[in-house]
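Peer 1: After the structure tokens below, expect a handful of questions from me.
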Amino acid sequence: MNVLEIDNVTKRFGNLVAVRDVSLSVAKGELCAIIGPNGAGKTTFFNLISGFFPPTSGAITFDGRDITKLSTHERVTLGMARTFQITEIFPELTVFENVRIAAEVAGGYRLRPWMNRSETEKIHERVEETLKLVSLETKTDRLVGELAHGDQRAAEIAMALALKPHLLLLDEPTAGMGDQETYQITQLIRRLHRDSNYTIVLIEHDMRVVFHLADRICVLDQGRMLAQGTPKEIAANETVQAAYLGSAA
Amino acid sequence: MSAEQTRKLIVLAAIWAALLLAPYWMAPLGGYTALATRVLVLGLAAMSLNFLLGFTGVLSFGHAAYFGLGAYGAGLTLKFLAASTPLALIAGMLLGGVCGAILGTLIVRRRGVYFAMVTIAFGQVFYYIAFQWSSLTGGDDGLRGFSRQPIDFGLFKLDILSSANNFYYFVLFCFAVVVGAMGFILRSPFGRTMIAIRENERRSRFLGIPVERHIWIAFTLSCFFMGLAGGLYALVNNFADPRGLHYSQSGDFVMMAVMGGMRSFWGPLLGATVFVVLQDYLSSITVNWMSFVGLLFVLVVLFFPRGLLGFIQRSKA
Amino acid sequence: MTQLLLFNVTNGLIIGAFYVLMALGLSLILNLSNVINFAHGGFLVIGGYIAYTITPYIGFWGALLLAPPLTAILGLAVERVLIRPLYGRDPLYSLLLTFGLAFIIEDGTRFIWGPQGKPVTIPAFLAQPLSNELFFITGYRLFMVAVVMIAVALLFLLLRYTRLGVRIRAGTLDLETVAALGINVQMLRSLNFAVGIFLAGLSGVLAAGQLGLEPTMGTGLLMPSFIAIIVGGIGSLPGTLVGGLLIGVASGLTAVFLPAASEAVIYVLMAVVLLLRPRGLFGEEGMMS
């Protein structure tokens, strides 16, 4: 069973068609990269997957379950986690506190007035484990708002991981980063994919990152799915080249 | 224990010491116990509002309604139902809390200024009812004809009617219970979701927090606390005032929270102290005290938005 | 019975027209700048008092023409000095500020003009009722409605066809883009505020002729304006128009059957609208924050 099945999905905003008849299947453990020139509809597509708004037509299935009509937080509860192009974190809380909230919500404690000792310890362990995964274990007590951009992104990814997601949606994870940080994040994502077997869909502009990480690449252009395939196939694809060179990307 | 924790404990101890000994250190400063009681109750109301405003980040500008409902609930209970202070307080708390719970369902669908507008409008409904239903509430003159009753503990009675000090300590006890509950909740997983919503609503949603539901819970809790504060206030003067329901009273509470420091737990209590003392002083020396209060609002907003405690914290850093 | 009904509905429409004038000004400021102007009632009062002060020199008509712009200039000054610093911040602060401002204005007018109500003289021919049959429609009330209709028409023309109006409308939808187009957003907000205050001042002059003048009259008229906006739908000026008339008429109708409840009914109306259609009658989806 595929983790994500997107079936002929279209999104209209009045007269503007942002996404047109796009279909996509993502298998377990796969890393799928979505690329395309600016305005291609990538972010709208992402928003459809994460439940920001419902599609005008088409269906979305997650782990075999129809989620087309579900809200954002419901999808998160089912196992979808997302990061944003502009990092969405809790800036005035520490790294530890940021990830802790995610872990507590995922653990079902969000309405609790109280947690006993063993529950608290389990949550602490989970937070520490996740922070180690993203290499932030030395910075647990720093305020997230004060961290370097790359570390902030890592913290955001840690929050997503603490949710124990079946699907990780990463929206331009290397946006606004220099070479060093881009490398850092790319390695992190690679570890998550290869070592921890996460299923990941990401939007990226940086082709080095895309070709380094992706099992499969999907190219969107003007709301349509232009091409899908392995990195080799896409690199050789002439329509894709035209789309990138033809439009002022 | 770290230095930070020790510091916090000392501050906490100092606050409680000051509160416990208030009747004794106030007199030499020209204060009197009843003033301290008033400050305590209004401080509790400001803290209850701040539970929502400062810690969840939600702007309710009609919160005095639940305060007023608490006052009328307590007063009406004492006047018509039973001569029991605890019952009156519970009635006040329930009236404020339940109305908050019901209205909350209508209100939480909106956010920002629109939320504020709707809370103001709903608050005014209750003001209007209190004013118009004069056969029950005494209308413009307010509700009178009741008084706080001595509390019967079985073995002994606590006379809170004639002894200002006794009443003060009773109020302090109620204050401690509510404040303790608030602190407890804020430190719990649920409390952390409240803070998360304040810090970044979108991220909270994308962590799986049903934001509207959590806001409703925080809103309802703060209305219960407000109701209790209102009930206590009715007991202060044995009087319930329709003006306590008006949005200008809400404005006062918000100002107390902002003035003391919205992001700090004890800030609103400090704000209430300064506000009440200032208002009392101003109204005794000039008939135009209203414009001075208005001026205070303007100055605080323009120059001290972080409030007194926020100001102090900043200069430390 | 029909006469009573007619009387009250007409009354309701007249009051409604008045609410519309107030609410439109409030709505303009809210939509563009995200500021709830608690001091709006205060500016109404100032408009009335300015009219009262200058009437002896230039007569009623002169005051009608001059008092609103004078009030608007005052509004402009207030916006520039007090409100502008708060735009980037949490809306809480502008709320508190206008709130405090309302206090200052109320006390200020009391200080300058005294706490007693002031009578305002209106031209004699206006004070006459239309006819013996329609005794309840005095000339002044018709006049008020006429002025409101002209003002509303002018406002909609301004918004539709002038450059300022188009910019205000665009700014209400997407202020960032408007700024990116190189338009001076600060000035836009100031002018928008001034227009809103102009309407408040005009309301004040009209109210003075009908109700007389006293320092506290502004606050009583603020709440119905709020409700008109909520009922009509936040973000929608036509909605505010409809909302104002609706609550006026509802109030008038209720006065026939249950006089005591005629004020309460507007709150009930608001609750019903919020239950059935949270965004208001004409409000847009997503105008949540």
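Every chain in the structure tokens has a letter given in the order shown (A, B, ...), and although residue numbers restart at 1 in each chain, ligands are simply numbered from 1 in the order shown.
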Hey, what's within 8 Å of A:Phe96 if we count only C-alpha atoms and toss same-chain stuff fewer than 4 positions away? As a PyMOL selection string, please?
Peer 2: chain A and resi 100+127+140-141
Peer 1: Could the residues in this selection be written to a file with C-alpha atoms, as a CSV table (one decimal), in the first residue's frame?
Peer 2:
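Below you can see out-v4.csv, which holds the result:
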```csv
chain,number,residue,atom,x,y,z
A,100,ARG,CA,8.6,18.6,23.9
A,127,VAL,CA,12.8,14.5,22.9
A,140,THR,CA,18.8,21.9,24.0
A,141,ASP,CA,18.6,24.9,26.3
```
Peer 1: List the spatial neighbours of stretch 55-58 of chain C as a list of chain:residue names - criterion: any atom at most 9 Å away, only C-alpha atoms, same-chain residues fewer than 5 positions off excluded.
Peer 2: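 My list of contacting residues is C:Ile50, C:Ala63, C:Leu64, C:Val120, C:Thr121.
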Peer 1: Take the residues that were just selected and, keeping N, CA and C atoms, output them as an mmCIF file, in the first residue's frame.
Peer 2:
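As written to disk, out-v8.cif reads:
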```
data_model
loop_
_atom_site.group_PDB
_atom_site.id
_atom_site.type_symbol
_atom_site.label_atom_id
_atom_site.label_comp_id
_atom_site.auth_asym_id
_atom_site.auth_seq_id
_atom_site.Cartn_x
_atom_site.Cartn_y
_atom_site.Cartn_z
ATOM 1 N N ILE C 50 -18.224 71.152 18.150
ATOM 2 C CA ILE C 50 -17.651 72.148 17.235
ATOM 3 C C ILE C 50 -18.780 72.868 16.507
ATOM 4 N N ALA C 63 -22.229 75.440 9.932
ATOM 5 C CA ALA C 63 -21.699 74.463 10.871
ATOM 6 C C ALA C 63 -21.754 73.057 10.281
ATOM 7 N N LEU C 64 -22.852 72.770 9.596
ATOM 8 C CA LEU C 64 -22.993 71.449 8.989
ATOM 9 C C LEU C 64 -21.871 71.181 7.998
ATOM 10 N N VAL C 120 -29.221 72.596 20.970
ATOM 11 C CA VAL C 120 -28.749 73.020 19.654
ATOM 12 C C VAL C 120 -29.943 73.469 18.834
ATOM 13 N N THR C 121 -29.827 74.659 18.274
ATOM 14 C CA THR C 121 -30.963 75.166 17.491
ATOM 15 C C THR C 121 -30.832 74.767 16.033
#
```
Peer 1: Work out how far apart atom CA of B:Tyr66 and atom CA of B:Ile90 are and give it in Å to one decimal.
Peer 2: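 Atom CA of B:Ile90 lies 13.4 Å from atom CA of B:Tyr66.
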Peer 1: Can you pull out the residues contacting B:Val113? Cut-off 12 Å, using only C-alpha atoms, and skip same-chain residues under 2 positions away; I want them as an MDAnalysis selection string.
Peer 2: (chainID B and resid 58:61 107 110:111 115:120) or (chainID C and resid 30:31 33:37 90:96 226 230 234:235 287:289)
Peer 1: Could you pull the residues within 6 Å of A:Asp21, counting only C-alpha atoms, minus those fewer than 3 positions along the same chain, as a VMD selection string?
Peer 2: chain A and resid 8 to 10
Peer 1: Filtering to C-alpha atoms, could you give me those residues as a PDB file, in the first residue's frame?
Peer 2:
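Ended up saving to out-v1.pdb:
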```
ATOM      1  CA  ASN A   8      -6.355  13.831 -10.264  1.00  0.00           C
ATOM      2  CA  VAL A   9      -6.405  16.725  -7.910  1.00  0.00           C
ATOM      3  CA  THR A  10      -7.301  20.219  -9.086  1.00  0.00           C
TER       4      THR A  10
END
```
Peer 1: With a cut-off of 8 Å, could you pull out the residues of chain B touching chain A and give me the nearest pair of atoms for each, distance in Å to one decimal, using only C-alpha atoms, ordered by chain and ascending number, as JSON lines?
Peer 2:
```
{"residue": "B:Phe184", "atom": "CA", "partner": "A:Pro113", "partner_atom": "CA", "distance": 7.6}
{"residue": "B:Ile185", "atom": "CA", "partner": "A:Pro113", "partner_atom": "CA", "distance": 5.8}
{"residue": "B:Ser188", "atom": "CA", "partner": "A:Pro113", "partner_atom": "CA", "distance": 4.9}
{"residue": "B:Pro189", "atom": "CA", "partner": "A:Arg110", "partner_atom": "CA", "distance": 5.6}
{"residue": "B:Phe190", "atom": "CA", "partner": "A:Leu111", "partner_atom": "CA", "distance": 4.9}
{"residue": "B:Gly191", "atom": "CA", "partner": "A:Pro113", "partner_atom": "CA", "distance": 7.6}
{"residue": "B:Arg192", "atom": "CA", "partner": "A:Ile101", "partner_atom": "CA", "distance": 6.8}
{"residue": "B:Thr193", "atom": "CA", "partner": "A:Arg110", "partner_atom": "CA", "distance": 6.7}
{"residue": "B:Ala196", "atom": "CA", "partner": "A:Phe90", "partner_atom": "CA", "distance": 6.8}
{"residue": "B:Glu199", "atom": "CA", "partner": "A:Phe90", "partner_atom": "CA", "distance": 5.5}
{"residue": "B:Asn200", "atom": "CA", "partner": "A:Phe90", "partner_atom": "CA", "distance": 5.9}
{"residue": "B:Arg202", "atom": "CA", "partner": "A:Glu88", "partner_atom": "CA", "distance": 7.5}
{"residue": "B:Arg203", "atom": "CA", "partner": "A:Glu88", "partner_atom": "CA", "distance": 5.7}
{"residue": "B:Arg205", "atom": "CA", "partner": "A:His73", "partner_atom": "CA", "distance": 5.6}
{"residue": "B:Phe206", "atom": "CA", "partner": "A:His73", "partner_atom": "CA", "distance": 6.0}
{"residue": "B:Leu207", "atom": "CA", "partner": "A:Ala102", "partner_atom": "CA", "distance": 6.0}
{"residue": "B:Gly208", "atom": "CA", "partner": "A:His73", "partner_atom": "CA", "distance": 4.2}
{"residue": "B:Ile209", "atom": "CA", "partner": "A:His73", "partner_atom": "CA", "distance": 6.1}
{"residue": "B:Pro210", "atom": "CA", "partner": "A:His73", "partner_atom": "CA", "distance": 6.1}
```
Peer 1: Can you tell me how far atom CA of B:Asn238 sits from atom CA of B:Arg144, in Å to one decimal?
Peer 2: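 It comes out at 6.8 Å.
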Peer 1: What are the nearest atom pairs, with distances in Å to one decimal, for all residues of chain B that come at most 6 Å from chain C, using only C-alpha atoms, set out by chain and rising residue number as JSON lines?
Peer 2:
```
{"residue": "B:Arg110", "atom": "CA", "partner": "C:Met288", "partner_atom": "CA", "distance": 5.1}
{"residue": "B:Arg111", "atom": "CA", "partner": "C:Ser289", "partner_atom": "CA", "distance": 4.9}
{"residue": "B:Gly112", "atom": "CA", "partner": "C:Ser289", "partner_atom": "CA", "distance": 4.9}
{"residue": "B:Met290", "atom": "CA", "partner": "C:Phe103", "partner_atom": "CA", "distance": 6.0}
{"residue": "B:Ser291", "atom": "CA", "partner": "C:Ile104", "partner_atom": "CA", "distance": 4.1}
{"residue": "B:Gly294", "atom": "CA", "partner": "C:Gly100", "partner_atom": "CA", "distance": 3.8}
{"residue": "B:Phe297", "atom": "CA", "partner": "C:Gly100", "partner_atom": "CA", "distance": 5.1}
{"residue": "B:Val298", "atom": "CA", "partner": "C:Leu97", "partner_atom": "CA", "distance": 5.0}
{"residue": "B:Val301", "atom": "CA", "partner": "C:Tyr93", "partner_atom": "CA", "distance": 5.9}
```
Peer 1: Fewer than 3 positions away in the same chain doesn't count, so skip those; otherwise give me all residues within 7 Å of stretch 32-45 of chain A, counting only C-alpha atoms, as a PyMOL selection string.
Peer 2: chain A and resi 18-19+48-49+200-205+210+214-223+244+249
Peer 1: Emit the selected residues as a PDB file, in the first residue's frame, including C-alpha atoms.
Peer 2:
```pdb
ATOM      1  CA  ALA A  18      -3.281  26.721  -9.503  1.00  0.00           C
ATOM      2  CA  VAL A  19      -3.098  22.949  -9.697  1.00  0.00           C
ATOM      3  CA  LEU A  48      -3.482  20.479  -0.597  1.00  0.00           C
ATOM      4  CA  ILE A  49      -1.607  17.509   0.785  1.00  0.00           C
ATOM      5  CA  ILE A 200       9.592  12.061   2.531  1.00  0.00           C
ATOM      6  CA  VAL A 201       8.136  14.456  -0.007  1.00  0.00           C
ATOM      7  CA  LEU A 202       9.993  17.676  -0.476  1.00  0.00           C
ATOM      8  CA  ILE A 203       9.890  20.830  -2.549  1.00  0.00           C
ATOM      9  CA  GLU A 204      13.281  22.102  -3.595  1.00  0.00           C
ATOM     10  CA  HIS A 205      14.861  24.655  -5.859  1.00  0.00           C
ATOM     11  CA  VAL A 210      17.360  17.242  -5.381  1.00  0.00           C
ATOM     12  CA  ALA A 214      15.623  11.897  -4.553  1.00  0.00           C
ATOM     13  CA  ASP A 215      14.432   8.442  -5.464  1.00  0.00           C
ATOM     14  CA  ARG A 216      11.926  10.046  -7.734  1.00  0.00           C
ATOM     15  CA  ILE A 217      11.450  13.561  -9.089  1.00  0.00           C
ATOM     16  CA  CYS A 218       8.166  15.170 -10.090  1.00  0.00           C
ATOM     17  CA  VAL A 219       8.188  18.262 -12.225  1.00  0.00           C
ATOM     18  CA  LEU A 220       5.317  20.704 -12.010  1.00  0.00           C
ATOM     19  CA  ASP A 221       4.796  23.476 -14.478  1.00  0.00           C
ATOM     20  CA  GLN A 222       1.850  25.862 -14.568  1.00  0.00           C
ATOM     21  CA  GLY A 223      -0.149  23.615 -12.307  1.00  0.00           C
ATOM     22  CA  TYR A 244      13.209  25.544 -16.980  1.00  0.00           C
ATOM     23  CA  ALA A 249      12.819  30.698 -13.416  1.00  0.00           C
TER      24      ALA A 249
END
```
Peer 1: As a ChimeraX atom specification, please: every residue in stretch 33-108 of chain C that a backbone DSSP assignment puts in alpha helix (DSSP H).
Peer 2: /C:33,40-78,91-108
Peer 1: Selection from above, C-alpha atoms, as a PDB file, in the first residue's frame, can you write it?
Peer 2:
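Once written, out-v9.pdb looks like this:
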```pdb
ATOM      1  CA  SER C  33      -5.903  49.640   9.463  1.00  0.00           C
ATOM      2  CA  HIS C  40     -15.228  57.042  17.403  1.00  0.00           C
ATOM      3  CA  GLY C  41     -18.041  58.076  19.721  1.00  0.00           C
ATOM      4  CA  GLY C  42     -15.746  60.731  21.098  1.00  0.00           C
ATOM      5  CA  PHE C  43     -15.199  62.193  17.651  1.00  0.00           C
ATOM      6  CA  LEU C  44     -18.953  62.238  17.167  1.00  0.00           C
ATOM      7  CA  VAL C  45     -19.259  64.331  20.291  1.00  0.00           C
ATOM      8  CA  ILE C  46     -16.450  66.636  19.188  1.00  0.00           C
ATOM      9  CA  GLY C  47     -18.181  67.130  15.845  1.00  0.00           C
ATOM     10  CA  GLY C  48     -21.363  68.094  17.651  1.00  0.00           C
ATOM     11  CA  TYR C  49     -19.647  70.489  20.006  1.00  0.00           C
ATOM     12  CA  ILE C  50     -17.651  72.148  17.235  1.00  0.00           C
ATOM     13  CA  ALA C  51     -20.911  72.679  15.390  1.00  0.00           C
ATOM     14  CA  TYR C  52     -22.447  74.128  18.524  1.00  0.00           C
ATOM     15  CA  THR C  53     -19.514  76.503  18.948  1.00  0.00           C
ATOM     16  CA  ILE C  54     -19.406  77.820  15.393  1.00  0.00           C
ATOM     17  CA  THR C  55     -23.162  78.001  14.744  1.00  0.00           C
ATOM     18  CA  PRO C  56     -23.501  81.481  16.267  1.00  0.00           C
ATOM     19  CA  TYR C  57     -20.994  82.755  13.692  1.00  0.00           C
ATOM     20  CA  ILE C  58     -21.859  80.962  10.507  1.00  0.00           C
ATOM     21  CA  GLY C  59     -25.292  79.531  11.178  1.00  0.00           C
ATOM     22  CA  PHE C  60     -26.553  75.988  11.086  1.00  0.00           C
ATOM     23  CA  TRP C  61     -25.716  75.286   7.457  1.00  0.00           C
ATOM     24  CA  GLY C  62     -22.220  76.646   7.852  1.00  0.00           C
ATOM     25  CA  ALA C  63     -21.699  74.463  10.871  1.00  0.00           C
ATOM     26  CA  LEU C  64     -22.993  71.449   8.989  1.00  0.00           C
ATOM     27  CA  LEU C  65     -20.450  72.026   6.261  1.00  0.00           C
ATOM     28  CA  LEU C  66     -17.527  73.042   8.420  1.00  0.00           C
ATOM     29  CA  ALA C  67     -17.687  70.946  11.585  1.00  0.00           C
ATOM     30  CA  PRO C  68     -17.065  67.524   9.956  1.00  0.00           C
ATOM     31  CA  PRO C  69     -13.902  68.591   8.120  1.00  0.00           C
ATOM     32  CA  LEU C  70     -12.616  70.279  11.266  1.00  0.00           C
ATOM     33  CA  THR C  71     -13.219  67.082  13.178  1.00  0.00           C
ATOM     34  CA  ALA C  72     -11.472  65.155  10.439  1.00  0.00           C
ATOM     35  CA  ILE C  73      -8.415  67.364  10.749  1.00  0.00           C
ATOM     36  CA  LEU C  74      -8.308  66.645  14.449  1.00  0.00           C
ATOM     37  CA  GLY C  75      -8.632  62.972  13.622  1.00  0.00           C
ATOM     38  CA  LEU C  76      -5.727  63.269  11.232  1.00  0.00           C
ATOM     39  CA  ALA C  77      -3.557  64.755  13.959  1.00  0.00           C
ATOM     40  CA  VAL C  78      -4.530  62.013  16.386  1.00  0.00           C
ATOM     41  CA  PRO C  91      -3.972  44.993  17.711  1.00  0.00           C
ATOM     42  CA  LEU C  92      -4.345  44.924  21.481  1.00  0.00           C
ATOM     43  CA  TYR C  93      -2.363  48.138  21.756  1.00  0.00           C
ATOM     44  CA  SER C  94      -4.359  50.247  19.332  1.00  0.00           C
ATOM     45  CA  LEU C  95      -7.472  49.043  21.099  1.00  0.00           C
ATOM     46  CA  LEU C  96      -6.178  50.157  24.463  1.00  0.00           C
ATOM     47  CA  LEU C  97      -5.044  53.436  23.020  1.00  0.00           C
ATOM     48  CA  THR C  98      -8.333  54.393  21.408  1.00  0.00           C
ATOM     49  CA  PHE C  99      -9.983  53.235  24.577  1.00  0.00           C
ATOM     50  CA  GLY C 100      -7.941  55.626  26.674  1.00  0.00           C
ATOM     51  CA  LEU C 101      -8.477  58.285  24.049  1.00  0.00           C
ATOM     52  CA  ALA C 102     -12.224  57.943  24.461  1.00  0.00           C
ATOM     53  CA  PHE C 103     -11.844  58.749  28.152  1.00  0.00           C
ATOM     54  CA  ILE C 104      -9.687  61.759  27.409  1.00  0.00           C
ATOM     55  CA  ILE C 105     -12.142  63.081  24.856  1.00  0.00           C
ATOM     56  CA  GLU C 106     -15.146  62.628  27.109  1.00  0.00           C
ATOM     57  CA  ASP C 107     -13.509  64.364  30.014  1.00  0.00           C
ATOM     58  CA  GLY C 108     -12.017  66.943  27.716  1.00  0.00           C
TER      59      GLY C 108
END
```
Peer 1: Taking the chain letters and numbering used in this document, name the residues of stretch 53-243 of chain A that DSSP puts in strand (DSSP E), as an MDAnalysis selection string.
Peer 2: chainID A and resid 57:62 65:66 80:83 167:171 200:203 216:221 224:229
Peer 1: Please measure the separation of atom CA of A:Met177 and atom CA of A:Lys164, giving the value in Å to one decimal.
Peer 2: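 So the answer is 26.3 Å.
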Peer 1: Find the residues around C:Val249 up to 10 Å (only C-alpha atoms counted), leave out those fewer than 2 positions away in its own chain, and share them as a list in words.
Peer 2: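 Residues near the query, excluding close chain neighbours: Asn8, Val9, Thr10, Asn11, Gly12, Leu13, Ile14, Ile15, Gly16, Ala17, Gly243, Gly244, Leu245, Leu246, Ile247, Ser251, Gly252, Leu253, Thr254, Ala255, Ser262 and Ile266 of chain C.
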Peer 1: Please provide the set of residues having any atom within 10 Å of B:Leu278, restricted to only C-alpha atoms, with same-chain residues fewer than 3 positions apart removed, written as a compact mmCIF listing (two decimals) with C-alpha atoms, in the first residue's frame.
Peer 2:
```
# COMPACT_ATOMS: atom_id res chain seq x y z
CA ALA B 272 -3.83 46.00 39.55
CA THR B 273 -2.11 47.42 42.62
CA VAL B 274 -0.71 50.38 40.75
CA PHE B 275 -3.92 50.97 38.83
CA TYR B 281 -5.69 58.88 44.42
CA LEU B 282 -6.62 60.67 41.21
CA SER B 283 -10.35 60.57 41.83
CA SER B 284 -9.83 62.14 45.23
CA TRP B 289 -9.62 61.95 36.87
CA PHE B 292 -5.85 61.08 33.54
CA VAL B 293 -6.75 57.43 33.46
CA LEU B 296 -2.32 56.56 31.49
```
Peer 1: Select, from B:Leu29, B:Lys8, B:Gly104, B:Pro242, the residue with the minimum atom-to-atom distance to B:Gln132, counting only C-alpha atoms.
Peer 2: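 Selected residue with least distance to B:Gln132: B:Pro242.
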